[in-house]
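**Student:** One structure coming up, written as structure tokens, with questions to follow.
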Amino acid sequence: MKNIALIPNAERDKNYKYTKELINIIGSRANILLSKKHAGVGEGVCYVEDRELSSKADILIALGGDGTILGVVNDALGYDVPVLGINLGHLGFLAEIEPFNMEYAVNKILTDDFEIESRAMIRADIYRGGESIKTLHALNDILVARASFSRLLRLRTTIDAHLLDSFVADGVILSTPTGSTAYSLSAGGPIVDPSIEAMLITPVCPHSMHTRPMVVPLAKKLIVEFEEGYDEEGAFVSADGKRGINLSSGDVICASKSEHTIKLVKITDTTFYDTIRQKLNERGAAK
């Protein structure tokens, strides 16, 4: 019998409406796991510590928006457990299904009638004084940015020891093709098919006409260094929207392909291009 872990976003799923519906749909056909912080949501559920969800589950089901799914992805690193996203947010580029399709999705999962789509991740190693002080992994993007009200950053980027550019900007986004529809897109970056192993380099509000987004092979090693002329403690680096650490003068960020990949459950016949067309039309209609 399968172990299915449900990870709801309580803010998106008011009164656990969809979580309770999903529990009823699954019923006794699988073992249902929920975090202890959601205790009492449903009967016949095994409540465990957060750290046990990924280690005990055969599949993780995230109920929320893309932020919820990214959080689940981060918690599942190293466990090689597939993730299914149910969209309770707005655009939901990472979510596979909408709530009205939950019964269909459960039946597919329980009969192993689904595919797995592997998505590449990037990692960022932060060095201070020549020593690694932090490693971040991201499915969407790594952001290097100035803090509020601090001065603009002077950034120097190199690829495999070859100088790419030196520019002044609010920051730079290093994203995967999966993350090309997130912050990078808002900053003027291109949309890239997630089946392509690439890294997108998207400057944020650069103060030079020649500085433009670039797409490079994910196998390359990208170095971001701070040149003189920015505020101490006025910059930070984050992964998938979660704050990482503050940066100091002389810190170096080394971005490369992560050793981790994420498995996304694919149930429908919807293609990446179908999703792009639908979601971008929704984004335009919402204005």
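Within each chain, counting starts at residue 1; across the structure tokens, chains are named A, B, ... in the order shown, with ligands numbered 1 upward in that order.
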I'd like the neighbourhood of Gly179 (chain A) as a VMD selection string, where a residue qualifies if any of its atoms comes within 10 Å (using only C-alpha atoms), though same-chain residues fewer than 5 positions away should be ignored.
**Tutor:** chain A and resid 93 to 94 121 138 to 142 173 to 174 184 to 185 191 to 192 194 199 to 200 240
**Student:** Generate a file of the selected residues that holds N, CA, C and O atoms, formatted as a PDB file, in the first residue's frame.
**Tutor:**
```pdb
ATOM      1  N   PHE A  93       2.491  27.663 -12.254  1.00  0.00           N
ATOM      2  CA  PHE A  93       3.266  27.050 -13.327  1.00  0.00           C
ATOM      3  C   PHE A  93       3.759  25.658 -12.947  1.00  0.00           C
ATOM      4  O   PHE A  93       3.953  24.802 -13.804  1.00  0.00           O
ATOM      5  N   LEU A  94       4.004  25.415 -11.660  1.00  0.00           N
ATOM      6  CA  LEU A  94       4.552  24.128 -11.230  1.00  0.00           C
ATOM      7  C   LEU A  94       3.471  23.096 -10.917  1.00  0.00           C
ATOM      8  O   LEU A  94       3.746  21.896 -10.899  1.00  0.00           O
ATOM      9  N   MET A 121      18.215  21.259 -11.125  1.00  0.00           N
ATOM     10  CA  MET A 121      18.321  22.322 -10.137  1.00  0.00           C
ATOM     11  C   MET A 121      19.702  22.968 -10.247  1.00  0.00           C
ATOM     12  O   MET A 121      20.621  22.410 -10.851  1.00  0.00           O
ATOM     13  N   ALA A 138      18.348  25.308  -5.638  1.00  0.00           N
ATOM     14  CA  ALA A 138      17.102  25.930  -6.095  1.00  0.00           C
ATOM     15  C   ALA A 138      16.546  25.226  -7.323  1.00  0.00           C
ATOM     16  O   ALA A 138      17.301  24.869  -8.236  1.00  0.00           O
ATOM     17  N   LEU A 139      15.245  25.036  -7.320  1.00  0.00           N
ATOM     18  CA  LEU A 139      14.555  24.534  -8.507  1.00  0.00           C
ATOM     19  C   LEU A 139      14.242  25.696  -9.452  1.00  0.00           C
ATOM     20  O   LEU A 139      14.320  25.543 -10.669  1.00  0.00           O
ATOM     21  N   ASN A 140      13.906  26.840  -8.896  1.00  0.00           N
ATOM     22  CA  ASN A 140      13.588  28.018  -9.710  1.00  0.00           C
ATOM     23  C   ASN A 140      14.802  28.918  -9.924  1.00  0.00           C
ATOM     24  O   ASN A 140      15.288  29.044 -11.032  1.00  0.00           O
ATOM     25  N   ASP A 141      15.258  29.547  -8.838  1.00  0.00           N
ATOM     26  CA  ASP A 141      16.315  30.535  -9.031  1.00  0.00           C
ATOM     27  C   ASP A 141      17.102  30.855  -7.773  1.00  0.00           C
ATOM     28  O   ASP A 141      16.643  30.665  -6.650  1.00  0.00           O
ATOM     29  N   ILE A 142      18.299  31.344  -8.032  1.00  0.00           N
ATOM     30  CA  ILE A 142      19.161  31.931  -7.013  1.00  0.00           C
ATOM     31  C   ILE A 142      19.172  33.436  -7.275  1.00  0.00           C
ATOM     32  O   ILE A 142      19.439  33.867  -8.398  1.00  0.00           O
ATOM     33  N   ILE A 173      19.674  37.496 -11.306  1.00  0.00           N
ATOM     34  CA  ILE A 173      18.920  36.254 -11.078  1.00  0.00           C
ATOM     35  C   ILE A 173      19.581  35.149 -11.868  1.00  0.00           C
ATOM     36  O   ILE A 173      19.808  35.267 -13.072  1.00  0.00           O
ATOM     37  N   LEU A 174      19.883  34.054 -11.192  1.00  0.00           N
ATOM     38  CA  LEU A 174      20.439  32.864 -11.833  1.00  0.00           C
ATOM     39  C   LEU A 174      19.367  31.788 -11.750  1.00  0.00           C
ATOM     40  O   LEU A 174      19.044  31.312 -10.661  1.00  0.00           O
ATOM     41  N   SER A 184      12.681  35.740 -13.076  1.00  0.00           N
ATOM     42  CA  SER A 184      13.473  36.053 -14.266  1.00  0.00           C
ATOM     43  C   SER A 184      12.605  36.622 -15.386  1.00  0.00           C
ATOM     44  O   SER A 184      12.997  37.574 -16.072  1.00  0.00           O
ATOM     45  N   LEU A 185      11.421  36.046 -15.579  1.00  0.00           N
ATOM     46  CA  LEU A 185      10.511  36.523 -16.617  1.00  0.00           C
ATOM     47  C   LEU A 185      10.078  37.961 -16.330  1.00  0.00           C
ATOM     48  O   LEU A 185      10.031  38.803 -17.228  1.00  0.00           O
ATOM     49  N   ILE A 191      11.761  32.856 -21.769  1.00  0.00           N
ATOM     50  CA  ILE A 191      11.144  31.605 -21.335  1.00  0.00           C
ATOM     51  C   ILE A 191      11.910  30.465 -21.994  1.00  0.00           C
ATOM     52  O   ILE A 191      12.134  30.474 -23.203  1.00  0.00           O
ATOM     53  N   VAL A 192      12.313  29.476 -21.197  1.00  0.00           N
ATOM     54  CA  VAL A 192      13.118  28.365 -21.699  1.00  0.00           C
ATOM     55  C   VAL A 192      12.432  27.046 -21.365  1.00  0.00           C
ATOM     56  O   VAL A 192      11.965  26.841 -20.246  1.00  0.00           O
ATOM     57  N   PRO A 194      11.844  23.572 -20.030  1.00  0.00           N
ATOM     58  CA  PRO A 194      12.518  22.914 -18.908  1.00  0.00           C
ATOM     59  C   PRO A 194      13.253  21.632 -19.269  1.00  0.00           C
ATOM     60  O   PRO A 194      14.007  21.099 -18.452  1.00  0.00           O
ATOM     61  N   MET A 199      21.307  27.477 -17.776  1.00  0.00           N
ATOM     62  CA  MET A 199      21.216  28.451 -16.690  1.00  0.00           C
ATOM     63  C   MET A 199      20.949  29.819 -17.309  1.00  0.00           C
ATOM     64  O   MET A 199      21.605  30.212 -18.271  1.00  0.00           O
ATOM     65  N   LEU A 200      19.977  30.530 -16.770  1.00  0.00           N
ATOM     66  CA  LEU A 200      19.654  31.867 -17.251  1.00  0.00           C
ATOM     67  C   LEU A 200      20.294  32.889 -16.326  1.00  0.00           C
ATOM     68  O   LEU A 200      20.216  32.765 -15.099  1.00  0.00           O
ATOM     69  N   ASP A 240      15.051  30.241  -4.290  1.00  0.00           N
ATOM     70  CA  ASP A 240      13.609  30.002  -4.430  1.00  0.00           C
ATOM     71  C   ASP A 240      12.776  30.866  -3.485  1.00  0.00           C
ATOM     72  O   ASP A 240      11.791  30.414  -2.895  1.00  0.00           O
TER      73      ASP A 240
END
```
**Student:** Report the residues of region 37-273 of chain A whose backbone DSSP state falls under alpha helix (DSSP H), written as a ChimeraX atom specification.
**Tutor:** /A:50-56,66-75,102-110,183-186,272-273
**Student:** What's around Gly130 (chain A) at 12 Å? Count only C-alpha atoms, leave out sequence neighbours fewer than 4 positions away in its own chain, and write the answer as a PyMOL selection string.
**Tutor:** chain A and resi 125-126+250-254
**Student:** Output N, CA, C and O atoms of each residue in that selection to a file, as a PDB file, in the first residue's frame.
**Tutor:**
```pdb
ATOM      1  N   ASP A 125      27.272  28.075  -4.189  1.00  0.00           N
ATOM      2  CA  ASP A 125      28.213  27.981  -3.073  1.00  0.00           C
ATOM      3  C   ASP A 125      28.744  29.369  -2.794  1.00  0.00           C
ATOM      4  O   ASP A 125      29.297  30.029  -3.686  1.00  0.00           O
ATOM      5  N   ILE A 126      28.583  29.820  -1.549  1.00  0.00           N
ATOM      6  CA  ILE A 126      29.024  31.155  -1.169  1.00  0.00           C
ATOM      7  C   ILE A 126      30.349  31.027  -0.426  1.00  0.00           C
ATOM      8  O   ILE A 126      30.469  30.262   0.548  1.00  0.00           O
ATOM      9  N   GLY A 250      33.794  41.211  -0.708  1.00  0.00           N
ATOM     10  CA  GLY A 250      34.731  40.144  -1.015  1.00  0.00           C
ATOM     11  C   GLY A 250      34.106  38.774  -1.146  1.00  0.00           C
ATOM     12  O   GLY A 250      34.780  37.817  -1.554  1.00  0.00           O
ATOM     13  N   ASP A 251      32.826  38.629  -0.800  1.00  0.00           N
ATOM     14  CA  ASP A 251      32.158  37.329  -0.939  1.00  0.00           C
ATOM     15  C   ASP A 251      32.030  36.958  -2.418  1.00  0.00           C
ATOM     16  O   ASP A 251      31.880  37.822  -3.286  1.00  0.00           O
ATOM     17  N   VAL A 252      32.083  35.671  -2.685  1.00  0.00           N
ATOM     18  CA  VAL A 252      31.994  35.161  -4.049  1.00  0.00           C
ATOM     19  C   VAL A 252      30.897  34.098  -4.104  1.00  0.00           C
ATOM     20  O   VAL A 252      30.806  33.243  -3.222  1.00  0.00           O
ATOM     21  N   ILE A 253      30.048  34.176  -5.131  1.00  0.00           N
ATOM     22  CA  ILE A 253      28.991  33.176  -5.333  1.00  0.00           C
ATOM     23  C   ILE A 253      29.346  32.350  -6.556  1.00  0.00           C
ATOM     24  O   ILE A 253      29.555  32.889  -7.637  1.00  0.00           O
ATOM     25  N   CYS A 254      29.424  31.052  -6.362  1.00  0.00           N
ATOM     26  CA  CYS A 254      29.743  30.130  -7.447  1.00  0.00           C
ATOM     27  C   CYS A 254      28.503  29.295  -7.752  1.00  0.00           C
ATOM     28  O   CYS A 254      28.056  28.512  -6.921  1.00  0.00           O
TER      29      CYS A 254
END
```
**Student:** How many Å lie between CA of Glu117 (chain A) and CA of Gly71 (chain A), rounded to one decimal?
**Tutor:**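 For CA of Glu117 (chain A) relative to CA of Gly71 (chain A), the distance reads 18.1 Å.
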**Student:** Interatomic distance between CA of Val265 (chain A) and CA of Glu96 (chain A)?
**Tutor:**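 Spanning CA of Val265 (chain A) to CA of Glu96 (chain A) is a straight-line distance of 7.4 Å.
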**Student:** Considering only C-alpha atoms, give me a table of residues in region 211-272 of chain A that are at most 9 Å from region 84-90 of chain A, with the closest atom pair and distance in Å for each, as a tab-separated table.
**Tutor:**
```
residue	atom	partner	partner_atom	distance
A:Lys263	CA	A:Leu84	CA	8.8
A:Leu264	CA	A:Leu84	CA	6.0
A:Val265	CA	A:Leu84	CA	5.0
A:Lys266	CA	A:Leu84	CA	7.7
A:Ile267	CA	A:Leu84	CA	9.0
```
**Student:** Taking only C-alpha atoms into account, which of A:Gly188, A:Ile245, A:Phe167, A:His162 comes nearest Leu222 (chain A)?
**Tutor:**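 Nearest to Leu222 (chain A): A:His162.
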**Student:** Pick out the residues sitting within 12 Å of Lys37 (chain A), and hand them over as a PyMOL selection string; count only C-alpha atoms, and ignore anything fewer than 5 positions along from it in its own chain.
**Tutor:** chain A and resi 7-10+46-50
**Student:** Could you take the residues named above and write them with N, CA, C and O atoms, as a PDB file, in the first residue's frame?
**Tutor:**
```
ATOM      1  N   ILE A   7       0.828  17.852   1.917  1.00  0.00           N
ATOM      2  CA  ILE A   7       1.431  19.061   2.477  1.00  0.00           C
ATOM      3  C   ILE A   7       0.576  20.251   2.072  1.00  0.00           C
ATOM      4  O   ILE A   7       0.745  20.821   0.985  1.00  0.00           O
ATOM      5  N   PRO A   8      -0.387  20.627   2.907  1.00  0.00           N
ATOM      6  CA  PRO A   8      -1.268  21.755   2.563  1.00  0.00           C
ATOM      7  C   PRO A   8      -0.699  23.086   3.017  1.00  0.00           C
ATOM      8  O   PRO A   8       0.029  23.166   4.007  1.00  0.00           O
ATOM      9  N   ASN A   9      -1.046  24.121   2.272  1.00  0.00           N
ATOM     10  CA  ASN A   9      -0.786  25.489   2.694  1.00  0.00           C
ATOM     11  C   ASN A   9      -2.064  25.965   3.379  1.00  0.00           C
ATOM     12  O   ASN A   9      -3.080  26.203   2.727  1.00  0.00           O
ATOM     13  N   ALA A  10      -2.009  26.088   4.700  1.00  0.00           N
ATOM     14  CA  ALA A  10      -3.214  26.402   5.470  1.00  0.00           C
ATOM     15  C   ALA A  10      -3.794  27.763   5.113  1.00  0.00           C
ATOM     16  O   ALA A  10      -4.999  27.991   5.282  1.00  0.00           O
ATOM     17  N   CYS A  46      -2.124   9.373   9.523  1.00  0.00           N
ATOM     18  CA  CYS A  46      -0.958   9.216  10.385  1.00  0.00           C
ATOM     19  C   CYS A  46      -0.239  10.557  10.467  1.00  0.00           C
ATOM     20  O   CYS A  46       0.231  11.077   9.444  1.00  0.00           O
ATOM     21  N   TYR A  47      -0.169  11.136  11.645  1.00  0.00           N
ATOM     22  CA  TYR A  47       0.472  12.432  11.831  1.00  0.00           C
ATOM     23  C   TYR A  47       1.921  12.224  12.277  1.00  0.00           C
ATOM     24  O   TYR A  47       2.181  11.526  13.269  1.00  0.00           O
ATOM     25  N   VAL A  48       2.859  12.817  11.535  1.00  0.00           N
ATOM     26  CA  VAL A  48       4.281  12.610  11.788  1.00  0.00           C
ATOM     27  C   VAL A  48       4.998  13.948  11.868  1.00  0.00           C
ATOM     28  O   VAL A  48       4.432  15.001  11.570  1.00  0.00           O
ATOM     29  N   GLU A  49       6.262  13.891  12.267  1.00  0.00           N
ATOM     30  CA  GLU A  49       7.087  15.100  12.277  1.00  0.00           C
ATOM     31  C   GLU A  49       7.355  15.530  10.828  1.00  0.00           C
ATOM     32  O   GLU A  49       7.382  14.703   9.918  1.00  0.00           O
ATOM     33  N   ASP A  50       7.570  16.821  10.634  1.00  0.00           N
ATOM     34  CA  ASP A  50       7.815  17.338   9.284  1.00  0.00           C
ATOM     35  C   ASP A  50       8.946  16.600   8.578  1.00  0.00           C
ATOM     36  O   ASP A  50       8.859  16.290   7.386  1.00  0.00           O
TER      37      ASP A  50
END
```
**Student:** Tell me, which residues of region 111-278 of chain A carry DSSP strand (DSSP E or B), written as JSON, numbers by chain?
**Tutor:** {"A": [115, 116, 117, 118, 119, 120, 121, 122, 123, 124, 125, 126, 127, 128, 131, 132, 133, 134, 135, 136, 137, 138, 141, 142, 143, 144, 145, 146, 153, 154, 155, 156, 157, 158, 159, 162, 163, 164, 165, 166, 167, 168, 169, 171, 172, 173, 174, 175, 198, 199, 200, 201, 202, 203, 204, 214, 215, 216, 217, 222, 223, 224, 225, 226, 235, 236, 237, 238, 239, 242, 243, 244, 245, 246, 247, 252, 253, 254, 255, 256, 257, 258, 259, 260, 261, 262, 263, 264, 265, 266]}
**Student:** Skipping near chain neighbours, those fewer than 6 positions away, what residues fall within 9 Å of Ala105 (chain A) using only C-alpha atoms, listed as JSON, numbers by chain?
**Tutor:** {"A": [97, 114, 267, 268]}
